[in-house]
Each structure stands twice: as structure tokens, then as C-alpha cells.
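To start, the structure itself, in C-alpha cells.
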Amino acid sequence: MGDLMHAVGYRRPLPITDPESLVDAEVPVPTPGPHDLLVQVEAVSVNPADVKSRSGSDPKGFRILGYDAAGVVTAVGDAVTRFVVGDKVWYAGRIDRPGSNARFQVVNEHIVGHKPATLDFADAAALPLTTITAWEMLFDHFGLTERSTGTLLMVGAAGGVGSMVLQLARARTGLTIIGTARRGESRQWALDMGAHQVVDRHDLVGSVRAVAPDGVDYIVSPFSKGNIDAYAELIRPLGHIAATDEPEGLDLLPLKPKSVTWHWELMFTRPILLPSDTYQHDLLEETAKLVDAGRLRTTATTHLGPIDAATMRDAHARVESSGAIGKVVVSAG
């Protein structure tokens with residue numbers, strides 16, 4: 001057997017309060033394929049995708065979780081052209097490969113970017129997955145540009161994805177941006193991230209109409225269940241909605257009279273189904289430039305460490321709790 005490394009993962013879905021829900025293990029250091037980087041992971045962040053995988057899927061063995069990561073390249077595959085050993089990188093990985101909650105991880109160079117020079121590893125690790133998700137919705141699905149105008153509604157504006165939608169829309173479009181939040185600290189966070197107005201989503205139609213009487217052109221929806229009738233009321237004809245969730249039995253027919261376009265967003269689509277596509281590499285490179293220019297900021301709000309089972313159980317519990325603002329990041333040491 002070759003060299004071993006420490007990793008955190010799970011063997012069966014359990015509540016996060018169970019000590020066996022996430023466990024430590026010693027596993028072989030992975031070997032990079034032709035287009036892979038071997039990255040020494042210095043920091044990770046926890047996303048709802050991590051929680052969903054851990055609590056809802058049986059890995060039939062030991063599965064290493066973790067998507068977001070920032071670290072240092074320690075080896076490269078023989079076909080790698082974009083990176084060299086020693087490069088500091090950030091990425092969100094793939095849902096069908098071993099994750100980032102380990103000392104080392106292999107990841108395809110096509111979905112990796114150079115880390116912003118102005119962020120440390122922890123603050124950088126907060127951003128890749130939510131940035132990719134937000135970027136694909138705004139600039140791929142919606143086709144927005146710096147000349148775009150109109151009104152965007154971000155539901156759940158204080159969360160990880162919401163924070164990046166607000167920042168990117170403010171930095172790279174001419175849209176008027178409305179966010180939803182309930183608590184005072186969440187409302188202030190959304191304003192700090194770039195929202196022009198913040199309203200209460202529990203009276204969605206009334207509160208949005210109060211600041212946008214003519215409705216909105218774009219909606220980003222992490223919480224679609226029970227909101228389709230409200231969206232149908234608020235969206236303008238020929239508008240666009242992008243959703244990151246997948247409620248069972250979702251009925252979109254109320255949107256048909258306005259010829260609304262509904263976009264599904266899953267940031268793992270390109271890495272898994274279009275593995276040679278460099279779109280995510282390119283957007284992470286551009287995002288790093290925006291961060292280093294002071295136009296985007298980290299969304300890390302909670303810093304934990306080290307990357308072990310006890311700390312990751314704490315991080316998962318925080319993400320599972322309602323009303324989380326920004327991102328939970330965990331550093332290696």
C-alpha cells in the first residue's frame with residue numbers, strides 16, 4: 001500500500017448529532033490522472049450539498065465529503081497545461097469523486113482556478129461553489145452583461161448563493177437588485193453584499209410590489225416550494241427564473257401565461273457531463289481578478305478548524321440550522 005492520508009467521511013446516512021455521522025479515517029493518497037491536479041487541501045467550506053449528501057444518500061462504503069476547497073498543487077497529471085506544482089488554487093470539485101475533506105484531493109484542471117492573491121485559504125474556500133452557481137445563473141442562463149438593466153429578485157439573499165448573486169449582479173450588471181431576508185442582521189448582510197432593497201419573503205408579493213410596482217424581470221430561487229404562484233404574480237412577461245432546489249411535484253404551469261423561462265441550475269452538470277469544458281476554470285480565474293480588484297469579497301462568516309470529524313460535525317450542524325448567514329469555513333491547521 002502507498003502513502004496514507006487523513007480524511008473525513010461517512011458510511012451511512014445518520015443525524016449530525018450521531019458521532020458516527022462523520023468519522024475520521026486513514027485512506028490512500030490519490031493518484032492524479034492525466035488532467036488532474038493533486039492538491040494539498042488547506043481549507044474547505046460546507047454547503048447545503050454536503051449536508052444533503054451526508055443525510056440522504058447511502059455511499060455503500062466510505063465516502064469522503066466536501067466540494068469547496070483551497071490549497072496548493074503538489075503534483076500534476078502528464079496532460080496538465082494550466083498549473084504547476086506550488087500553485088495556490090481554489091475549486092468546487094465534482095459530486096461523483098472523493099471530496100475535499102481530506103489532506104489531499106485530486107481534481108480536474110478544467111474546473112480549477114488560481115486562488116485570489118488577496119485572500120487567505122480559508123476566506124478563498126468560502127467562494128467557489130456559490131460563485132460558480134451564481135455565475136452560471138446570471139451570465140449563462142440569464143445571459144446578463146454589464147449593459148443589462150431591469151430588476152432581479154434574490155430569494156434568500158443572506159445565504160451562500162444569495163450572497164454571490166448579489167455581489168456579482170452588482171459588480172457586473174446594471175440591474176436593480178432586491179433581496180429577501182427576515183432578521184435585521186440578515187437584512188444588513190444582504191445590503192452589504194449589494195442589494196438595493198431588502199424585503200420580507202413571508203409576504204413576498206406585497207413586499208416586492210412595494211419596492212417594484214411593475215414586477216421583476218429575473219428571479220433566483222433556492223426555495224421554490226410554495227412560491228410558484230407568487231413568482232407568477234411578480235415576474236414580468238418573458239421573464240426568467242433560475243432554481244437551485246428540486247421540490248418533488250413542482251407545478252410550473254402558473255408561469256405559462258407570461259411565457260416565463262425556467263432554468264435549472266446544478267453546478268456539477270459541466271464537470272460531470274462536459275468534462276473537457278473549461279467554463280468553470282475561466283469564471284474562477286475572472287472571479288479571482290474581481291476579488292483582487294476589490295469588487296468582490298469573501299462570504300466567510302464562521303471560521304473553524306482543524307479538518308477532522310468533530311469539527312466537520314460542528315460545521316454541518318451550523319449549516320443545517322436555519323437562518324445561516326454567509327459561509328462556514330474549516331481550515332486544516
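As shown in the C-alpha cells, the chain order sets the letters A, B, ...; within each chain, residues go from 1, and ligands are also counted from 1 in the order they appear.
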Every residue of region 5-224 of chain A that DSSP places in strand (DSSP E), as a compact mmCIF listing (two decimals) with N, CA and C atoms, in the first residue's frame:
# COMPACT_ATOMS: atom_id res chain seq x y z
N MET A 5 -3.33 9.07 4.06
CA MET A 5 -3.67 10.44 4.48
C MET A 5 -4.90 10.39 5.37
N HIS A 6 -5.09 11.46 6.12
CA HIS A 6 -6.29 11.61 6.94
C HIS A 6 -7.44 12.12 6.08
N ALA A 7 -8.65 11.60 6.34
CA ALA A 7 -9.84 12.06 5.63
C ALA A 7 -11.04 11.98 6.57
N VAL A 8 -12.07 12.76 6.25
CA VAL A 8 -13.33 12.74 6.99
C VAL A 8 -14.43 12.33 6.02
N GLY A 9 -15.26 11.38 6.44
CA GLY A 9 -16.35 10.94 5.57
C GLY A 9 -17.44 10.26 6.36
N TYR A 10 -18.28 9.52 5.64
CA TYR A 10 -19.39 8.83 6.31
C TYR A 10 -19.64 7.49 5.63
N VAL A 23 -16.93 10.55 10.33
CA VAL A 23 -15.87 9.86 11.06
C VAL A 23 -14.52 10.11 10.40
N ASP A 24 -13.47 9.98 11.19
CA ASP A 24 -12.10 10.08 10.69
C ASP A 24 -11.65 8.74 10.13
N ALA A 25 -10.76 8.79 9.13
CA ALA A 25 -10.22 7.57 8.55
C ALA A 25 -8.86 7.85 7.94
N GLU A 26 -8.07 6.80 7.79
CA GLU A 26 -6.82 6.85 7.06
C GLU A 26 -7.03 6.13 5.73
N VAL A 27 -6.81 6.82 4.63
CA VAL A 27 -7.05 6.27 3.30
C VAL A 27 -5.84 6.55 2.41
N PRO A 28 -5.69 5.82 1.30
CA PRO A 28 -4.54 6.06 0.42
C PRO A 28 -4.57 7.46 -0.21
N ASP A 36 -5.51 15.74 -14.09
CA ASP A 36 -5.77 16.01 -12.67
C ASP A 36 -4.62 16.75 -12.01
N LEU A 37 -4.98 17.51 -10.97
CA LEU A 37 -4.03 18.07 -10.02
C LEU A 37 -4.17 17.29 -8.72
N LEU A 38 -3.05 17.06 -8.03
CA LEU A 38 -3.09 16.59 -6.66
C LEU A 38 -2.90 17.81 -5.78
N VAL A 39 -3.92 18.14 -4.98
CA VAL A 39 -3.92 19.37 -4.19
C VAL A 39 -3.82 19.02 -2.71
N GLN A 40 -2.90 19.67 -2.02
CA GLN A 40 -2.88 19.62 -0.56
C GLN A 40 -3.90 20.62 -0.06
N VAL A 41 -4.95 20.11 0.56
CA VAL A 41 -6.08 20.95 0.96
C VAL A 41 -5.73 21.72 2.22
N GLU A 42 -5.88 23.05 2.15
CA GLU A 42 -5.59 23.90 3.29
C GLU A 42 -6.86 24.42 3.97
N ALA A 43 -7.97 24.48 3.24
CA ALA A 43 -9.23 24.94 3.83
C ALA A 43 -10.39 24.47 2.96
N VAL A 44 -11.54 24.28 3.59
CA VAL A 44 -12.76 23.89 2.89
C VAL A 44 -13.90 24.73 3.43
N SER A 45 -15.03 24.71 2.74
CA SER A 45 -16.25 25.25 3.33
C SER A 45 -17.35 24.23 3.18
N VAL A 46 -18.41 24.39 3.96
CA VAL A 46 -19.52 23.44 3.98
C VAL A 46 -20.73 24.09 3.32
N ARG A 63 -17.32 7.27 2.12
CA ARG A 63 -17.29 8.37 1.16
C ARG A 63 -16.72 9.62 1.81
N ILE A 64 -15.74 10.22 1.15
CA ILE A 64 -15.17 11.49 1.60
C ILE A 64 -16.03 12.61 1.05
N ALA A 69 -12.89 23.98 -1.85
CA ALA A 69 -11.55 23.82 -1.28
C ALA A 69 -10.62 24.89 -1.81
N ALA A 70 -9.57 25.17 -1.02
CA ALA A 70 -8.44 25.97 -1.46
C ALA A 70 -7.19 25.28 -0.93
N GLY A 71 -6.16 25.24 -1.77
CA GLY A 71 -4.95 24.55 -1.35
C GLY A 71 -3.81 24.77 -2.32
N VAL A 72 -2.81 23.88 -2.25
CA VAL A 72 -1.58 24.02 -3.02
C VAL A 72 -1.37 22.78 -3.88
N VAL A 73 -1.05 22.98 -5.15
CA VAL A 73 -0.79 21.86 -6.07
C VAL A 73 0.53 21.19 -5.68
N THR A 74 0.47 19.87 -5.45
CA THR A 74 1.68 19.12 -5.09
C THR A 74 2.13 18.15 -6.18
N ALA A 75 1.26 17.86 -7.16
CA ALA A 75 1.62 17.02 -8.30
C ALA A 75 0.62 17.27 -9.41
N VAL A 76 1.01 17.01 -10.64
CA VAL A 76 0.12 17.23 -11.79
C VAL A 76 0.17 16.01 -12.71
N LYS A 88 -1.20 28.02 -5.93
CA LYS A 88 -2.27 28.08 -4.95
C LYS A 88 -3.59 28.16 -5.72
N VAL A 89 -4.52 27.25 -5.42
CA VAL A 89 -5.71 27.09 -6.25
C VAL A 89 -6.98 27.05 -5.40
N TRP A 90 -8.12 27.22 -6.11
CA TRP A 90 -9.43 27.07 -5.47
C TRP A 90 -10.38 26.42 -6.47
N TYR A 91 -11.40 25.72 -5.96
CA TYR A 91 -12.29 24.96 -6.83
C TYR A 91 -13.46 24.43 -6.02
N PHE A 104 -5.33 15.43 1.02
CA PHE A 104 -5.05 15.60 -0.40
C PHE A 104 -6.29 15.23 -1.21
N GLN A 105 -6.43 15.88 -2.37
CA GLN A 105 -7.55 15.60 -3.26
C GLN A 105 -7.09 15.71 -4.70
N VAL A 106 -7.62 14.84 -5.57
CA VAL A 106 -7.37 15.01 -7.00
C VAL A 106 -8.57 15.70 -7.62
N VAL A 107 -8.29 16.64 -8.53
CA VAL A 107 -9.35 17.41 -9.17
C VAL A 107 -8.90 17.77 -10.58
N ASN A 108 -9.84 17.73 -11.52
CA ASN A 108 -9.54 18.02 -12.91
C ASN A 108 -9.20 19.50 -13.09
N VAL A 112 -10.66 24.15 -12.06
CA VAL A 112 -9.84 24.75 -11.01
C VAL A 112 -9.38 26.13 -11.46
N GLY A 113 -9.28 27.06 -10.52
CA GLY A 113 -8.73 28.38 -10.80
C GLY A 113 -7.60 28.71 -9.85
N HIS A 114 -6.80 29.71 -10.19
CA HIS A 114 -5.77 30.20 -9.29
C HIS A 114 -6.44 31.03 -8.19
N THR A 151 -34.86 44.39 -13.24
CA THR A 151 -34.91 44.13 -11.80
C THR A 151 -34.73 42.64 -11.53
N LEU A 152 -33.87 42.34 -10.57
CA LEU A 152 -33.60 40.96 -10.15
C LEU A 152 -34.09 40.77 -8.72
N LEU A 153 -34.80 39.67 -8.47
CA LEU A 153 -35.21 39.30 -7.13
C LEU A 153 -34.40 38.08 -6.68
N MET A 154 -33.65 38.23 -5.59
CA MET A 154 -32.89 37.12 -5.00
C MET A 154 -33.59 36.67 -3.74
N THR A 176 -31.26 46.53 -11.04
CA THR A 176 -31.72 46.85 -9.70
C THR A 176 -31.96 45.54 -8.98
N ILE A 177 -31.41 45.40 -7.76
CA ILE A 177 -31.38 44.11 -7.08
C ILE A 177 -32.20 44.18 -5.80
N ILE A 178 -33.17 43.26 -5.68
CA ILE A 178 -33.99 43.13 -4.48
C ILE A 178 -33.65 41.79 -3.84
N GLY A 179 -33.37 41.81 -2.54
CA GLY A 179 -33.13 40.57 -1.81
C GLY A 179 -34.20 40.35 -0.76
N THR A 180 -34.41 39.09 -0.38
CA THR A 180 -35.32 38.81 0.72
C THR A 180 -34.54 38.34 1.94
N GLN A 197 -32.49 46.92 -2.34
CA GLN A 197 -33.62 46.87 -1.42
C GLN A 197 -33.66 45.48 -0.80
N VAL A 198 -34.11 45.39 0.43
CA VAL A 198 -34.29 44.09 1.10
C VAL A 198 -35.71 44.03 1.66
N VAL A 199 -36.42 42.93 1.35
CA VAL A 199 -37.81 42.80 1.76
C VAL A 199 -38.00 41.45 2.46
N VAL A 216 -40.74 42.13 -11.53
CA VAL A 216 -39.32 41.89 -11.71
C VAL A 216 -39.09 41.11 -13.00
N ASP A 217 -37.85 41.22 -13.52
CA ASP A 217 -37.50 40.54 -14.76
C ASP A 217 -36.82 39.19 -14.53
N TYR A 218 -36.16 39.06 -13.38
CA TYR A 218 -35.38 37.85 -13.09
C TYR A 218 -35.61 37.46 -11.63
N ILE A 219 -35.70 36.16 -11.39
CA ILE A 219 -35.82 35.63 -10.03
C ILE A 219 -34.81 34.50 -9.86
N VAL A 220 -34.06 34.52 -8.77
CA VAL A 220 -33.21 33.39 -8.39
C VAL A 220 -33.87 32.73 -7.19
N SER A 221 -34.14 31.43 -7.30
CA SER A 221 -34.99 30.74 -6.35
C SER A 221 -34.33 29.51 -5.73
Neighbour list for region 183-186 of chain A as a PyMOL selection string, cut-off 7 Å, only C-alpha atoms, skip fewer than 2 positions in-chain:
chain A and resi 158+181+188-190+325
Prev. selection, N, CA, C and O atoms, output as a tab-separated table (two decimals), in the first residue's frame:
chain	number	residue	atom	x	y	z
A	158	ALA	N	-29.32	36.22	2.12
A	158	ALA	CA	-28.21	36.17	3.06
A	158	ALA	C	-27.46	34.85	3.05
A	158	ALA	O	-26.47	34.70	3.74
A	181	ALA	N	-34.96	38.81	3.11
A	181	ALA	CA	-34.38	38.42	4.39
A	181	ALA	C	-35.35	38.83	5.48
A	181	ALA	O	-36.17	39.73	5.29
A	188	GLN	N	-29.08	43.44	6.84
A	188	GLN	CA	-27.89	44.26	6.70
A	188	GLN	C	-26.83	43.54	5.86
A	188	GLN	O	-26.15	44.17	5.04
A	189	TRP	N	-26.70	42.24	6.06
A	189	TRP	CA	-25.75	41.46	5.26
A	189	TRP	C	-26.09	41.57	3.77
A	189	TRP	O	-25.21	41.78	2.93
A	190	ALA	N	-27.38	41.42	3.44
A	190	ALA	CA	-27.79	41.49	2.04
A	190	ALA	C	-27.49	42.86	1.45
A	190	ALA	O	-27.05	42.97	0.30
A	325	ILE	N	-26.07	32.85	7.91
A	325	ILE	CA	-25.62	33.98	7.09
A	325	ILE	C	-24.22	33.64	6.56
A	325	ILE	O	-23.34	33.24	7.33
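With distances restricted to only C-alpha atoms, A:Leu175 is the closest residue to Ser148 (chain A) from A:Leu175, A:Ala124, A:Val208, A:Val161.
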So the first atom is CA of Gly159 (chain A) and the second is CA of Ala324 (chain A); what is the distance between them in Å, to one decimal place?
6.5 Å
Write down as a ChimeraX atom specification the residues belonging to region 20-168 of chain A that are assigned helix (DSSP H, G or I) by DSSP computed on the backbone.
/A:48-56,109-111,121-125,128-141,160-168
What's around Asp214 (chain A) at 10 Å? Count only C-alpha atoms, leave out sequence neighbours fewer than 4 positions away in its own chain, and write the answer as a PyMOL selection string.
chain A and resi 151+208-210+234-236
Quick one: write out the picked residues with N, CA and C atoms as a PDB file, in the first residue's frame?
ATOM      1  N   THR A 151     -34.858  44.387 -13.238  1.00  0.00           N
ATOM      2  CA  THR A 151     -34.907  44.132 -11.803  1.00  0.00           C
ATOM      3  C   THR A 151     -34.734  42.645 -11.531  1.00  0.00           C
ATOM      4  N   VAL A 208     -42.489  42.800  -2.291  1.00  0.00           N
ATOM      5  CA  VAL A 208     -41.773  43.115  -3.532  1.00  0.00           C
ATOM      6  C   VAL A 208     -42.519  44.192  -4.315  1.00  0.00           C
ATOM      7  N   ARG A 209     -43.838  44.097  -4.378  1.00  0.00           N
ATOM      8  CA  ARG A 209     -44.618  45.124  -5.090  1.00  0.00           C
ATOM      9  C   ARG A 209     -44.424  46.509  -4.478  1.00  0.00           C
ATOM     10  N   ALA A 210     -44.158  46.545  -3.180  1.00  0.00           N
ATOM     11  CA  ALA A 210     -43.977  47.839  -2.523  1.00  0.00           C
ATOM     12  C   ALA A 210     -42.743  48.568  -3.039  1.00  0.00           C
ATOM     13  N   LEU A 234     -45.353  38.057  -9.706  1.00  0.00           N
ATOM     14  CA  LEU A 234     -44.309  39.084  -9.689  1.00  0.00           C
ATOM     15  C   LEU A 234     -43.512  39.193 -10.982  1.00  0.00           C
ATOM     16  N   ILE A 235     -43.341  38.082 -11.685  1.00  0.00           N
ATOM     17  CA  ILE A 235     -42.461  38.089 -12.854  1.00  0.00           C
ATOM     18  C   ILE A 235     -43.122  38.828 -14.011  1.00  0.00           C
ATOM     19  N   ARG A 236     -42.337  39.568 -14.741  1.00  0.00           N
ATOM     20  CA  ARG A 236     -42.850  40.261 -15.918  1.00  0.00           C
ATOM     21  C   ARG A 236     -42.955  39.287 -17.092  1.00  0.00           C
TER      22      ARG A 236
END
From A:Thr31, A:Ala134, A:Glu285, A:Ala232, residue lying nearest Leu4 (chain A) [only C-alpha atoms]
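Between A:Thr31, A:Ala134, A:Glu285, A:Ala232, the residue approaching Leu4 (chain A) most closely is A:Thr31.
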Can you measure CA of Asp58 (chain A) to CA of Arg12 (chain A) for me? One decimal in Å is fine.
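It comes out at 5.3 Å.
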Please identify all polymer residues within 12 Å of Ser321 (chain A), counting only C-alpha atoms, omitting same-chain residues fewer than 4 positions from it, and present them as a PyMOL selection string.
chain A and resi 16+48+51+159+314-317+325+328
